[in-house]
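The block underneath contains the structure these notes are about, expressed in structure tokens.
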Amino acid sequence: MNSYITLSEDEEETENIGVELGRLLKQPALILLQGNLGAGKTVLARGIARGLGVDERVPITSPTFTLMNHYSARLDLYHFDLYRLSDPDELLEIGFDDYAYGQGVALVEWPEKLESQQPDGLWISLRRISEQRREIEFRARGLDSQTLLSCLSERMAWSESEKSR
Amino acid sequence: MLLLALESSCDETAAAVVKDGRQIRSNLIASQVELHAVYGGVVPELASRRHLEVINPLVEEALSKASVNKAELEGIVVTRGPGLVGALLVGVSFAKAFAYALGIPLIGVHHIEGHILAIQLEQQVDFPFLAAAVSGGHTHLYRVEGIGRYRLLGRTVDDAAGEAFDKVAKMLGLGYPGGPIIDKLAATHDDGGIVFPRPLLKKNTLDFSFSGVKTAVLNYLHRLENPPGEELIGRIACAFQTAVVDVLTQKILRAAEAENLERIVVAGGVACNSGLRQHLSRLTEGSERTVYFPSPVLCADNAAMLAVAGDYYLSRGASSGFDLNAVSSWPLEQVVWG
């Protein structure tokens, strides 16, 4: 399984897809989130955080200003937003590699800022179809991500069939 | 005490000399806004490099403006967090070296603690009061019982208010920082009947949400057949600011009422917003509540604001060790002094 595309009808569904993914995360992972301003990256991130077990009372806020927010959960979650970076060298300064290839889950918004590097990981891109609806494309690079994506697509196909029953 | 104060948590490098946590002898901000304008946002590494370049001459200048000799200093206060670690470390390391060399005590304080106490440099506001810290990274409401005694009442659950201003300004093709530009446009335009949603306003919570307003502006722009002209951009800016100010104002007043607090202090960069100042002042006029806004230089990320808490702690014998480290996330309620 290298890629998978699904449609989300609204914010709630996007968040739920994130929850499904978060629940499946059992080992360190790198997840890269692409999409324009307002595409729903932070909504999906919130779902992933909840699925990983971040306490409901802890708000999952935008890391745009802080660059990285850290949450304690089943696996530690490092939520990055590279929007404000202008040079890949700056990643060193914020200790990016230590988190991205560490013991937790690194969730990265605006991975375009990583420039030429296309690291192994689960790449997710959100595209705006209409005000509410989004197309969500998953692409797996590397073996671990492929396994993860297979599990996720099975889960989602299953919940789809439950819904239509 | 005569203190040197240093701030370097984000864009600004700032140094100040303050006497007794009250009297500002000098308060300098090496503004980096011009450098960042090119990038449409704060550029972190640029920020820490720049901090490193300017901190020495800035401290010299702050001392000379204050007509104070290094040897006269009785302590140093520095922002310990929250913020960008690379940027914070410049101030923290400088402060440690300076304190060690001069043999004077050092204290690391919370950036937001500085903001919500800044008003005390201009006029005394008695405790307890409601503090609204509103900036690019924060939209938080606190009950302030005294220095070092803060209770969180509400906060943003997604974007900070200042961040929403920056992002909407970017969508509208305006420059950086977005707050002052939108404020200016809002003052010279009407909303032309455009209404953006007021998230969480009807709900019984003191939390904020600004991501939805940002998305509403985006949806509005997508629905347009042609790119908006100058007049329409002004109207959108006005409608956006009206929505944000409405939410901020109503939640602030609701918190003051729920906590039975007569005094309200609004602090942080967004406290400079003229729409917010006017609206909140108008709504409290003639009521039992009084709202306080620091002057613009004390709303910005400055260093003098740190001296209020710094002086209080140091003069009571509390101080930080030379193992003081910068912390990127540090909830204000976890400040354990006082």
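Lettering and numbering for the structure tokens are positional, with chains as A, B, ... in the shown order, residues counted from 1 in each chain, and ligands counted from 1 in the shown order.
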Give me, as a compact mmCIF listing (two decimals) with N, CA and C atoms, in the first residue's frame, the residues of chain A touching chain B, with the criterion being at most 12 Å (counting only C-alpha atoms).
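The resulting file, result.txt, is reproduced below:
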# COMPACT_ATOMS: atom_id res chain seq x y z
N GLU A 11 -15.32 19.07 9.08
CA GLU A 11 -14.24 19.13 10.06
C GLU A 11 -14.27 17.94 11.01
N ASN A 36 -2.99 23.96 2.18
CA ASN A 36 -2.94 25.41 2.31
C ASN A 36 -3.52 25.89 3.63
N LEU A 37 -3.38 27.18 3.89
CA LEU A 37 -4.00 27.81 5.06
C LEU A 37 -5.49 27.46 5.04
N GLY A 38 -6.00 26.96 6.16
CA GLY A 38 -7.43 26.68 6.25
C GLY A 38 -7.85 25.34 5.66
N ALA A 39 -6.89 24.49 5.24
CA ALA A 39 -7.24 23.20 4.64
C ALA A 39 -7.65 22.18 5.71
N GLY A 40 -7.25 22.42 6.93
CA GLY A 40 -7.65 21.52 8.02
C GLY A 40 -6.49 20.73 8.63
N LYS A 41 -5.27 21.21 8.44
CA LYS A 41 -4.10 20.50 8.98
C LYS A 41 -4.16 20.40 10.50
N THR A 42 -4.50 21.52 11.14
CA THR A 42 -4.52 21.52 12.60
C THR A 42 -5.67 20.65 13.13
N VAL A 43 -6.78 20.59 12.37
CA VAL A 43 -7.91 19.74 12.76
C VAL A 43 -7.50 18.26 12.73
N ALA A 45 -4.47 17.16 12.89
CA ALA A 45 -3.47 17.01 13.94
C ALA A 45 -4.13 16.79 15.30
N ARG A 46 -5.21 17.54 15.53
CA ARG A 46 -5.92 17.40 16.81
C ARG A 46 -6.46 15.97 16.95
N GLU A 56 -8.13 14.98 26.76
CA GLU A 56 -9.15 15.83 26.13
C GLU A 56 -9.10 17.27 26.64
N ARG A 57 -8.67 17.45 27.87
CA ARG A 57 -8.67 18.80 28.45
C ARG A 57 -7.51 19.66 27.96
N VAL A 58 -6.55 19.00 27.31
CA VAL A 58 -5.39 19.76 26.80
C VAL A 58 -5.71 20.24 25.39
N PRO A 59 -5.81 21.56 25.18
CA PRO A 59 -6.11 22.03 23.83
C PRO A 59 -4.92 21.78 22.89
N ILE A 60 -5.24 21.34 21.66
CA ILE A 60 -4.19 21.17 20.67
C ILE A 60 -4.15 22.47 19.86
N THR A 61 -3.22 23.33 20.18
CA THR A 61 -3.20 24.66 19.58
C THR A 61 -2.20 24.75 18.44
N SER A 62 -2.32 25.81 17.68
CA SER A 62 -1.45 26.00 16.53
C SER A 62 0.00 26.20 16.97
N PRO A 63 0.95 25.48 16.37
CA PRO A 63 2.35 25.70 16.72
C PRO A 63 3.03 26.74 15.84
N THR A 64 2.24 27.53 15.11
CA THR A 64 2.85 28.49 14.17
C THR A 64 3.83 29.43 14.88
N PHE A 65 3.42 29.94 16.01
CA PHE A 65 4.25 30.92 16.71
C PHE A 65 5.38 30.23 17.49
N THR A 66 5.04 29.12 18.13
CA THR A 66 6.02 28.45 18.99
C THR A 66 6.92 27.49 18.22
N LEU A 67 6.59 27.20 16.94
CA LEU A 67 7.31 26.25 16.08
C LEU A 67 7.06 24.80 16.43
N MET A 68 7.04 24.48 17.74
CA MET A 68 6.82 23.08 18.12
C MET A 68 6.06 23.04 19.44
N ASN A 69 5.02 22.21 19.49
CA ASN A 69 4.33 21.95 20.75
C ASN A 69 4.53 20.49 21.11
N HIS A 70 4.79 20.24 22.37
CA HIS A 70 5.03 18.89 22.83
C HIS A 70 3.86 18.42 23.70
N TYR A 71 3.38 17.20 23.44
CA TYR A 71 2.30 16.63 24.25
C TYR A 71 2.73 15.27 24.77
N ASP A 81 5.30 23.18 13.22
CA ASP A 81 4.81 23.98 12.11
C ASP A 81 6.03 24.72 11.54
N LEU A 82 6.40 24.34 10.32
CA LEU A 82 7.62 24.92 9.74
C LEU A 82 7.33 26.16 8.89
N TYR A 83 6.07 26.61 8.94
CA TYR A 83 5.60 27.73 8.12
C TYR A 83 6.55 28.93 8.14
N ARG A 84 7.09 29.22 9.31
CA ARG A 84 7.88 30.46 9.43
C ARG A 84 9.36 30.28 9.10
N LEU A 85 9.75 29.05 8.82
CA LEU A 85 11.17 28.84 8.50
C LEU A 85 11.48 29.33 7.09
N SER A 86 12.68 29.84 6.90
CA SER A 86 13.02 30.31 5.56
C SER A 86 14.19 29.52 4.97
N ASP A 87 14.87 28.75 5.79
CA ASP A 87 16.08 28.06 5.35
C ASP A 87 16.15 26.70 6.05
N PRO A 88 16.36 25.60 5.29
CA PRO A 88 16.41 24.28 5.93
C PRO A 88 17.46 24.18 7.04
N ASP A 89 18.50 25.01 6.98
CA ASP A 89 19.51 25.02 8.04
C ASP A 89 18.90 25.31 9.41
N GLU A 90 17.81 26.07 9.37
CA GLU A 90 17.19 26.47 10.63
C GLU A 90 16.59 25.28 11.38
N LEU A 91 16.38 24.18 10.64
CA LEU A 91 15.86 22.97 11.28
C LEU A 91 16.83 22.46 12.34
N LEU A 92 18.11 22.59 12.04
CA LEU A 92 19.14 22.16 12.99
C LEU A 92 18.98 22.92 14.29
N GLU A 93 18.80 24.23 14.12
CA GLU A 93 18.69 25.11 15.28
C GLU A 93 17.55 24.72 16.22
N ILE A 94 16.44 24.25 15.64
CA ILE A 94 15.31 23.90 16.51
C ILE A 94 15.34 22.42 16.91
N GLY A 95 16.42 21.73 16.56
CA GLY A 95 16.58 20.34 17.00
C GLY A 95 15.64 19.38 16.30
N ARG A 128 -8.73 21.37 -0.52
CA ARG A 128 -10.05 21.95 -0.33
C ARG A 128 -10.89 21.69 -1.57
N ILE A 129 -12.04 20.98 -1.41
CA ILE A 129 -12.94 20.74 -2.54
C ILE A 129 -14.06 21.77 -2.51
N SER A 130 -14.61 21.98 -1.32
CA SER A 130 -15.60 23.05 -1.12
C SER A 130 -15.40 23.56 0.29
N GLU A 131 -16.31 24.44 0.74
CA GLU A 131 -16.13 25.03 2.07
C GLU A 131 -15.92 23.99 3.15
N GLN A 132 -16.68 22.90 3.08
CA GLN A 132 -16.59 21.88 4.11
C GLN A 132 -15.75 20.68 3.68
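One finds atom CA of B:Pro296 at 24.3 Å from atom CA of B:Gly154.
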Backbone-only DSSP, alpha helix (DSSP H) members of chain A, as a ChimeraX atom specification: /A:11-24,41-51,90-93,96-100,143-164
I need the residue nearest A:Ser145 from this list: A:Pro28, A:Pro111, A:Gly51, A:Gly104. Use only C-alpha atoms for the distance.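 Under the stated criterion, the closest residue is A:Pro28.
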Within 10 Å of B:Val336, counting only C-alpha atoms, which residues show up once you throw out same-chain ones fewer than 3 positions away? Write them as a PyMOL selection string, please. chain B and resi 148-150+332-333
Using only C-alpha atoms, please write the residues we just selected to a file, as a tab-separated table (two decimals), in the first residue's frame.
chain	number	residue	atom	x	y	z
B	148	GLY	CA	3.36	34.82	41.42
B	149	ARG	CA	-0.27	33.86	42.04
B	150	TYR	CA	-2.12	33.25	38.79
B	332	LEU	CA	1.98	30.49	33.79
B	333	GLU	CA	0.04	28.69	36.53
So what do you get for atom CA of B:Ser64 versus atom CA of B:Asn302, distance-wise?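 About the pair atom CA of B:Ser64 and atom CA of B:Asn302: they are 17.6 Å apart.
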Residues of stretch 52-104 of chain B in strand (DSSP E), written as JSON, numbers by chain: {"B": [75, 76, 77, 78, 79, 80, 81]}
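Pairwise distance (atom CA of B:Ala66, atom CA of B:Glu12) equals 20.0 Å.
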